[in-house]
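Undergrad: The structure is given below, and queries will be raised subsequently.
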Amino acid sequence: MRAIEIGLGVLIMVAAVALAAGVADSLLPLPPLGFGGTLTLIAMGAGLVSHGLIGHRVRQDVVNTAPLRVLGRTVSTLILTVMIVVAVPSLVAPLNLTQVAGFPLGFYVAAQGALLALAILAFRAAQQLDASEAEVIEHTGLPPTRREEH
Amino acid sequence: MAVATPGILIGGLDPGNAVFVAALTGAILLVMAALALMAHSDRAQNHLNAGEDQSPIANGLAIAGLFALPATVLLPGLVYQNGFDGLIPLIGIPAGLIVLMGLVGPALSRAGVATLPELIGLRFGRLGRTVTLLIAVLSTLGLLLGTMSAGISLAARIFDRPVAEAALVMVALLLLIILPGGLRSTVRIGMLGFVLSAATVIGGLAIVSFWLLGNPIPQLAYGAALKEIAPAEISLIEAGLVDFGVFKPFLREFLTVDSLNWMLLTFALMAGIAALPPLVHATRAVRRPSDVRRGLAWALTFCVLLLTAIPGLAAIARLEVYKVVAAQPDLSDLPTWMQRASESDALRVHGASLGMADDAARAVMSGVSDPGGLTAAMSARGYAQEQVWQRLDPVVQEAVFAAALDDAAAPSRSLDARWRIFAQRVLTAAAQSAGNPTGKPDLAAISLDLQTLVVALPHAAGMAPAVIALTLAAVLGAALALAAALISSIAGMLAHDGAGAVGGAALADRDHVTATRVFSVGLTVLAAAAVVFVPMPPDVVVVASLTLAAAGLMPALLLAIWWPRATAWGWAAGLAAGLGIGAYYLIGTALFSVTFYEQWFALSNAGPEAWTDFEEAKALWLAAEGDDRAAAYADLAARTSGGLWSPGLANWFGVAPAAAAVLAIPVALFAAILVSLLTPKPGPVTEGLFQSMHGWRPADGLNRRDGP
């Protein structure tokens, strides 16, 4: 599984760079991605690679890597947020070719879809980060901070 | 055409309804003031952080209330005018709240500090606290001036009073809200303000959406409007009714900003929001770090509920304007909704409105006897209204005065009669002055006042007076809530961190509250005076404030919370570098664009051909003399400077001036990291503080460097 994750991540990053350089136009029938689209794909690939490399160690050594998991979940939340911000202007032109209930899809994503995604992301991130920090406290054996006591 | 009833934005109602609307609006505002009084407290904690006992949902509602004014006054007009490009804040605001949730909020709570400067002071010493206090106050002050400007201007137009009077009333209401409980009072108003704003915007839009599109859920319904917009625009273009100098297709992306700056402006807004002191301090109204995250998640959700309605309002307004123009009625036969909107001064035809004419009539009945006197009367309405009047051709101003004289001699009440006289006298002159001989409107002839789309909607749509009153109260309440929060935040920081940074020790509770109240009074009065007597472009002030917050505070927060190796020297180097780059870019591209482009043309995205054209224009300037030289320099400046949102030739990598923070933050972090690595490591105290902020050790073990 680790190998698949890392391999897929590398493949995505290479494809993004190749598309940006115009090398793989005949192999990958995609519209030009632009700066934002390329950045999005590279970020996705890097995320897969790092999860494949580090995730295994984090899962094995739960106690000592608890703070790393908190940091990882914070960073992944922020990367997802950045990806949403980058993806909207990058993909609006091809998405607008499709209409849903009268909405050009690109306009809909910018006006509602991205906002709903951010709202879901916020609750999910709050839940995951709270759980991760509870693990830190549980595994390090430290008493809760003054804030958690009340 | 005389209107005896008060209020431009409630003018045209019969006297009974107008008094009812004014009374209901005033009553709702007094209820808000009463809620603020009920939150009275003499505890410093309540004035500074609203008390630490809010639930996450209540905290979310209070934080969302801080965005109610932008959502009802600023954003609808932005989306109406710019279409897709106006959606940047709709994504930037929620994304900024996520950054605040992930990077800042919980750490502040765990560190046990009350304010942002106090946190920086813990890590980087008293100098850090003092300088951060200065930056935090300045950035918040800029937003305060923009907010007060919007609130006072609206109040003056709603109740038809001079700006100075409206400012006095606003000062009185603000002090009534702030003095009892500081931020604790303010968040209660914010919660009510948000509920009212959301109810009136979504409710009003639901009614209009049901009438026009057959679906009462505006977020779902306006797809039908979007489907008709593009064909309507094509029809107008084919009929020659479009001025391409001002027309922007609603659905077309990247007309105002390119895709790169769409992203960068969103990032800059995110960074500014995540570091904004009033928002950061508002998160401290809950007790636990986990509640901070949930409170911000709820705030984001409430904001999304309101923000998703805004494009619907803009789309429906655009489509209805297109339909009227396409039908090509005579100016005297414009539909009733346009006549009502013009009566509220929310819609202008060739720059003139029925509301302006009614205002002129009231001025004549008060004793004005020449057009010059009308100019003074319009000036008393505020800078924006004065500008609208000054832009009118003198022939049109004369026509308005002549119509006002007629009206004073023989007043009539019905909207239809008033509109016909206004169209015959004023609009005919305005159309001729604008080069429109047909007497029928083209698209450029009709302009909506971008700040009053929400406020004017109920009256334009013919809704009940109670709905009009609720909408007016919601928008005024939102302005009061935001202004109060900004004032409370600044006053609280001055009392808390001013004493801590300058005196080295915290004030006693009672002294702290007294100092906060004194600062609040001073700030409120000074801000109102500045707005009344100093004309300022609100968009520039807001952009400068957010840039200052992003460039000056965000890097410091990131270093303080997330990198234990950061030293005070590193923080100082980062601050100097970040603020320096941000200020240089913002000022250089706006005020010294010719010199900026000469120095940095290699980094500009304009390309070598643009440089060649510039060199030729510069040669012309150097060879010119007298007036020709000034004109030639103006041509050079016009080529090199762009707008806030889209750069001219003078730029680095095509970055818009309003996105200067995106350049400043990486430079600040780089400088801070470099200098931190070159200076001695912080001691174990800092390591302990770092672990406390992330919940990895008890806060009891905290050994503070600075402050109480």
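Ligands are numbered from 1 in the order shown, residues from 1 within each chain, and chains are lettered A, B, ... in the order they appear in the structure tokens.
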According to DSSP computed on the backbone, where in range 90-149 of chain A is there strand (DSSP E)? Give the residues as an MDAnalysis selection string.
TA: chainID A and resid 99:100 103:104
Undergrad: Can you work out which residues from chain A touch chain B at a cut-off of 6 Å (counting only C-alpha atoms) and hand them back as a list in words?
TA: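 Applying the cut-off to the listed atoms yields Thr74, Val86, Pro89, Ala101, Gly102, Phe103, Gln112, Ala119, Ala122, Phe123, Ala126, Asp130, Thr145 and Arg147 of chain A.
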Undergrad: Using only C-alpha atoms, which of A:Ile79, A:Ala18, A:Pro94, A:Leu11 sits nearest Thr38 in chain A?
TA: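 Nearest to Thr38 in chain A: A:Ala18.
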Undergrad: Which residues come within 8 Å of Thr200 in chain B, counting only C-alpha atoms, excluding same-chain residues fewer than 6 positions away, as a list in words?
TA: Val467, Leu470, Thr471 and Ala474 of chain B
Undergrad: Please report the interatomic distance between CA of Gly439 in chain B and CA of Val325 in chain B in Å with one decimal.
TA: 12.0 Å
Undergrad: Restricting the calculation to only C-alpha atoms, which member of B:Ala71, B:Ala668, B:Ile177, B:Leu205 is positioned closest to Gly570 in chain B?
TA: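 For Gly570 in chain B, the nearest of the candidates is B:Ala668.
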Undergrad: What does the structure give for the distance between CA of Ile581 in chain B and CA of Ala660 in chain B, in Å to one decimal?
TA: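 According to the coordinates, CA of Ile581 in chain B and CA of Ala660 in chain B are separated by 8.1 Å.
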Undergrad: Name the residues in contact with Ile6 in chain A at a cut-off of 8 Å, using only C-alpha atoms, excluding same-chain residues fewer than 6 positions from it; report them as a VMD selection string.
TA: chain A and resid 48 to 53
Undergrad: Which residues come within 6 Å of range 599-604 of chain B, counting only C-alpha atoms, excluding same-chain residues fewer than 2 positions away, as a ChimeraX atom specification?
TA: /B:596-597,606,651-653
Undergrad: Keeping N, CA, C and O atoms, export the residues of the selection given above as a PDB file, in the first residue's frame.
TA:
```pdb
ATOM      1  N   PHE B 596       9.147  53.273 -10.166  1.00  0.00           N
ATOM      2  CA  PHE B 596       9.119  51.855  -9.816  1.00  0.00           C
ATOM      3  C   PHE B 596       9.342  50.995 -11.059  1.00  0.00           C
ATOM      4  O   PHE B 596      10.133  50.047 -11.047  1.00  0.00           O
ATOM      5  N   TYR B 597       8.658  51.333 -12.133  1.00  0.00           N
ATOM      6  CA  TYR B 597       8.795  50.530 -13.355  1.00  0.00           C
ATOM      7  C   TYR B 597      10.192  50.674 -13.938  1.00  0.00           C
ATOM      8  O   TYR B 597      10.766  49.705 -14.432  1.00  0.00           O
ATOM      9  N   ALA B 606       5.066  42.694 -17.843  1.00  0.00           N
ATOM     10  CA  ALA B 606       4.594  43.413 -19.027  1.00  0.00           C
ATOM     11  C   ALA B 606       5.330  43.015 -20.303  1.00  0.00           C
ATOM     12  O   ALA B 606       4.799  43.159 -21.381  1.00  0.00           O
ATOM     13  N   ASN B 651       5.043  46.448 -11.689  1.00  0.00           N
ATOM     14  CA  ASN B 651       4.660  45.355 -10.813  1.00  0.00           C
ATOM     15  C   ASN B 651       5.814  44.373 -10.709  1.00  0.00           C
ATOM     16  O   ASN B 651       6.774  44.430 -11.486  1.00  0.00           O
ATOM     17  N   TRP B 652       5.724  43.494  -9.716  1.00  0.00           N
ATOM     18  CA  TRP B 652       6.641  42.362  -9.604  1.00  0.00           C
ATOM     19  C   TRP B 652       5.848  41.102  -9.918  1.00  0.00           C
ATOM     20  O   TRP B 652       4.882  40.791  -9.224  1.00  0.00           O
ATOM     21  N   PHE B 653       6.212  40.431 -10.983  1.00  0.00           N
ATOM     22  CA  PHE B 653       5.624  39.143 -11.374  1.00  0.00           C
ATOM     23  C   PHE B 653       4.118  39.223 -11.583  1.00  0.00           C
ATOM     24  O   PHE B 653       3.425  38.211 -11.464  1.00  0.00           O
TER      25      PHE B 653
END
```
Undergrad: I want to know what sits within 7 Å of Ala341 in chain B, based on only C-alpha atoms, with residues of the same chain fewer than 5 positions away left out; could you give that as a PDB file with C-alpha atoms, in the first residue's frame?
TA:
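Writing done, so here's result_15.pdb:
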```pdb
ATOM      1  CA  ALA B 346     -30.337  53.438  -5.028  1.00  0.00           C
ATOM      2  CA  LEU B 347     -30.700  53.666  -8.803  1.00  0.00           C
ATOM      3  CA  ALA B 456     -33.095  49.350  -1.013  1.00  0.00           C
ATOM      4  CA  ALA B 460     -37.973  48.633  -4.551  1.00  0.00           C
TER       5      ALA B 460
END
```
